[in-house]
Amino acid sequence: MASKFTISEDLASLIHSSAKILAAAGKVAAFTGAGMSAESGIGTFRGQGGLWKGIVGPVALTVFGTPVGWRLMPVVSWKAYLSHFYDPMKPALPNPGHRALATLAEAGVPVKIVTQNVDGLHQRAGSDPSGVYEVHGTVLKYKCNHNGHRYEFPVDQAADPQVMPDLPRSPPVCSVPGCGYYIRPDCVLFTENLPGGTWARAEDAMTELGPGDVLLVVGTSSTVQPAASLPVAAAAKGAHVFEFNLEETSFGSLPNHAFFQGPAGQILPALVEEALRIRGEGRS
Ligand code: OAD
C-alpha cells in the first residue's frame with residue numbers, strides 16, 4: 001500500500017492552473033512507463049531495486065530480455081521470466097492513476113494512451129483497448145521463438161475476469177505441425193523492432209496534438225528509444241507536456257512542460273478530478 005503523499009501548496013497551485021488547461025484541451029493523450037504501474041506493486045526497470053539493476057539485473061536482461069537469450073536458453077529464459085517478471089506482475093491491479101485516465105474518457109475526454117508497459121493495466125482499469133497502443137507488446141500474448149506463430153493463454157472463466165492467466169511452469173512448445181519451437185512472450189526485447197502498426201498509431205496520437213492540447217507523460221525514465229521520442233514529437237507540435245514522475249527526466253527541457261513531482265497514482269487523480277470539476281462548472 002503506497003503511503004499517503006502530501007500535496008504541497010506549490011503543487012496544488014500547479015494542479016489548479018494545469019487543470020484549467022486540461023479541462024479546455026481539444027485532444028488529450030498519455031505516454032506511460034513503468035512508474036505508472038509502480039503503485040500497483042510492479043517494479044520498475046531502472047532506479048533502486050529496478051529489474052535491470054543490481055547483481056541479477058544484467059543476467060535477467062541477457063537471459064529473458066533479448067531474443068538471443070530466448071533462442072539459446074528457452075527453458076532457462078521461461079523460468080527466469082516467470083519468477084522475475086510474470087509471477088510478480090500477475091496479482092497486480094490497476095491503481096488510481098490508471099483509473100484517472102479511464103475516468104477522463106468516461107467523462108467525455110477520450111485519451112489515446114501510448115504505453116511502454118506490457119501489463120495490460122490500462123485496459124483493465126477501463127480504458128478503451130482500441131485506444132491503448134502497447135508499443136513494447138504485452139505479457140498477455142505469446143509467440144513461438146522462430147516462426148512467430150501466435151498464442152494466448154486462457155483465463156479461467158470461473159475466476160474473476162480481472163485475473164491474469166496462469167502460465168505453464170515449463171516453456172510450451174509451438175503446436176503448429178513442423179514447427180515445435182518454444183514459446184516466448186510477445187513483448188519487444190532489446191535489439192528488436194517495435195510492432196509497426198502500433199508504432200504508427202502511437203506516432204499519430206502524438207503528432208495530431210497541437211497548441212492547447214495536452215500530453216500526460218507518466219512514470220517513464222525517458223531513456224529507451226524510439227519510444228522516448230514520442231513526447232518530443234508532441235511538444236514540437238505545440239502541445240502541453242504534463243509530466244508525472246518521482247524525479248526529473250530529460251523531458252524537463254521540452255517547451256510547454258510542467259512537472260508534477262511525486263507518485264503518479266496520487267497526483268494524476270487530483271489533476272483529473274480538478275479538470276472535470278472545472279469542465280462541469282463551465283457547463284452549468
Ligand atoms: P524505467 O524503469 O526506466 O523508469 C521508471 C520511471 O518511473 C522512473 O523515471 C521513475 O522515477 C518513475 N517512477 C517510479 N515510481 C513512480 C511513481 N509512483 N510515480 C511516478 N513515477 C514513478 O521504466 P520505463 O521508462 O517504462 O522496455 O522503461 C522503458 C522501457 O525500458 C520498458 O518499457 C522496458 C525497459 O527495458 C522493454 O521491455 C522493451
# chains A, B, ... in the order shown; residues from 1 in each chain; ligands from 1
$ residues_near_ligand --ligand "ligand 1" --cutoff "9 Å" --atoms "only C-alpha atoms and all ligand atoms" --output "PyMOL selection string"
chain A and resi 2+32-40+43-47+50-52+61+65+97+115-118+135-137+187-192+194+218-225+227-228+243-249+260-267
$ closest_atom_pairs --of "segment 93-144 of chain A" --to "segment 203-208 of chain A" --cutoff "10 Å" --atoms "only C-alpha atoms" --output "tab-separated table"
residue	atom	partner	partner_atom	distance
A:Val111	CA	A:Ala205	CA	9.5
A:Lys112	CA	A:Ala205	CA	6.5
A:Ile113	CA	A:Ala205	CA	8.2
A:Val114	CA	A:Ala205	CA	7.9
A:Gly131	CA	A:Ala205	CA	9.4
A:Tyr133	CA	A:Ala205	CA	9.3
$ write_last_selection --atoms "N, CA and C atoms" --output "mmCIF file, in the first residue's frame"
data_model
loop_
_atom_site.group_PDB
_atom_site.id
_atom_site.type_symbol
_atom_site.label_atom_id
_atom_site.label_comp_id
_atom_site.auth_asym_id
_atom_site.auth_seq_id
_atom_site.Cartn_x
_atom_site.Cartn_y
_atom_site.Cartn_z
ATOM 1 N N VAL A 111 -8.911 9.691 -24.227
ATOM 2 C CA VAL A 111 -7.451 9.786 -24.062
ATOM 3 C C VAL A 111 -6.806 8.648 -24.851
ATOM 4 N N LYS A 112 -6.001 8.968 -25.841
ATOM 5 C CA LYS A 112 -5.220 7.936 -26.507
ATOM 6 C C LYS A 112 -4.004 7.643 -25.640
ATOM 7 N N ILE A 113 -3.832 6.385 -25.309
ATOM 8 C CA ILE A 113 -2.749 6.026 -24.381
ATOM 9 C C ILE A 113 -1.679 5.235 -25.124
ATOM 10 N N VAL A 114 -0.478 5.803 -25.152
ATOM 11 C CA VAL A 114 0.672 5.077 -25.687
ATOM 12 C C VAL A 114 1.443 4.578 -24.473
ATOM 13 N N GLY A 131 -7.914 2.248 -27.953
ATOM 14 C CA GLY A 131 -7.153 3.490 -27.833
ATOM 15 C C GLY A 131 -5.924 3.340 -26.954
ATOM 16 N N TYR A 133 -2.160 1.884 -27.089
ATOM 17 C CA TYR A 133 -1.151 1.388 -28.028
ATOM 18 C C TYR A 133 0.050 0.882 -27.235
#
$ select_by_dssp --residues "segment 68-208 of chain A" --states "strand (DSSP E or B)" --output "list in words"
Val111, Lys112, Ile113, Val114, Thr115, Val132, Tyr133, Glu134, Gly137, Thr138, Val139, Leu140, Lys141, Tyr142, Lys143, Cys144, Arg150, Tyr151, Val173, Tyr182, Ile183, Arg184, Pro185, Asp186 and Cys187 of chain A
$ select_by_dssp --residues "segment 136-214 of chain A" --states "alpha helix (DSSP H)" --output "list in words"
Gly196, Gly197, Thr198, Trp199, Ala200, Arg201, Ala202, Glu203, Asp204, Ala205, Met206 and Thr207 of chain A
$ residues_around --residues "Asp119 of chain A" --least-positions-apart "6" --cutoff "8 Å" --atoms "only C-alpha atoms" --output "PyMOL selection string"
chain A and resi 89+138-140
$ write_last_selection --atoms "C-alpha atoms" --output "PDB file, in the first residue's frame"
ATOM      1  CA  MET A  89       3.167  -8.868 -12.061  1.00  0.00           C
ATOM      2  CA  THR A 138       2.109  -7.398 -23.877  1.00  0.00           C
ATOM      3  CA  VAL A 139       2.546 -10.333 -21.499  1.00  0.00           C
ATOM      4  CA  LEU A 140      -0.983 -11.422 -22.431  1.00  0.00           C
TER       5      LEU A 140
END
$ residues_around --residues "Leu167 of chain A" --least-positions-apart "2" --cutoff "8 Å" --atoms "only C-alpha atoms" --output "PyMOL selection string"
chain A and resi 153+165+169
$ write_last_selection --atoms "all heavy atoms" --output "PDB file, in the first residue's frame"
ATOM      1  N   PHE A 153      -2.888 -17.438 -23.597  1.00  0.00           N
ATOM      2  CA  PHE A 153      -3.251 -18.399 -22.565  1.00  0.00           C
ATOM      3  C   PHE A 153      -4.598 -17.996 -21.991  1.00  0.00           C
ATOM      4  O   PHE A 153      -4.785 -16.844 -21.601  1.00  0.00           O
ATOM      5  CB  PHE A 153      -2.187 -18.449 -21.469  1.00  0.00           C
ATOM      6  CG  PHE A 153      -0.896 -19.001 -21.988  1.00  0.00           C
ATOM      7  CD1 PHE A 153       0.125 -18.159 -22.404  1.00  0.00           C
ATOM      8  CD2 PHE A 153      -0.720 -20.366 -22.108  1.00  0.00           C
ATOM      9  CE1 PHE A 153       1.307 -18.662 -22.924  1.00  0.00           C
ATOM     10  CE2 PHE A 153       0.459 -20.883 -22.632  1.00  0.00           C
ATOM     11  CZ  PHE A 153       1.475 -20.032 -23.038  1.00  0.00           C
ATOM     12  N   PRO A 165      -3.889 -14.778 -16.727  1.00  0.00           N
ATOM     13  CA  PRO A 165      -3.860 -16.239 -16.884  1.00  0.00           C
ATOM     14  C   PRO A 165      -2.713 -16.904 -16.137  1.00  0.00           C
ATOM     15  O   PRO A 165      -1.653 -16.312 -15.949  1.00  0.00           O
ATOM     16  CB  PRO A 165      -3.691 -16.424 -18.397  1.00  0.00           C
ATOM     17  CG  PRO A 165      -3.198 -15.125 -18.903  1.00  0.00           C
ATOM     18  CD  PRO A 165      -3.683 -14.056 -17.976  1.00  0.00           C
ATOM     19  N   ARG A 169       4.394 -24.005 -16.067  1.00  0.00           N
ATOM     20  CA  ARG A 169       5.666 -23.780 -15.365  1.00  0.00           C
ATOM     21  C   ARG A 169       6.871 -24.166 -16.223  1.00  0.00           C
ATOM     22  O   ARG A 169       8.006 -23.805 -15.920  1.00  0.00           O
ATOM     23  CB  ARG A 169       5.714 -24.542 -14.024  1.00  0.00           C
ATOM     24  CG  ARG A 169       4.571 -24.267 -13.076  1.00  0.00           C
ATOM     25  CD  ARG A 169       4.113 -22.804 -13.035  1.00  0.00           C
ATOM     26  NE  ARG A 169       5.042 -21.895 -12.373  1.00  0.00           N
ATOM     27  CZ  ARG A 169       4.878 -20.578 -12.280  1.00  0.00           C
ATOM     28  NH1 ARG A 169       3.820 -20.001 -12.839  1.00  0.00           N
ATOM     29  NH2 ARG A 169       5.764 -19.835 -11.671  1.00  0.00           N
TER      30      ARG A 169
END
$ atom_distance --atom1 "atom CA of Gly282 of chain A" --atom2 "atom CA of Ala23 of chain A"
9.2 Å
$ closest_residue --among "A:Phe251, A:Asn193, A:Gln162, A:Asn147" --to "Cys179 of chain A" --atoms "only C-alpha atoms"
A:Asn147
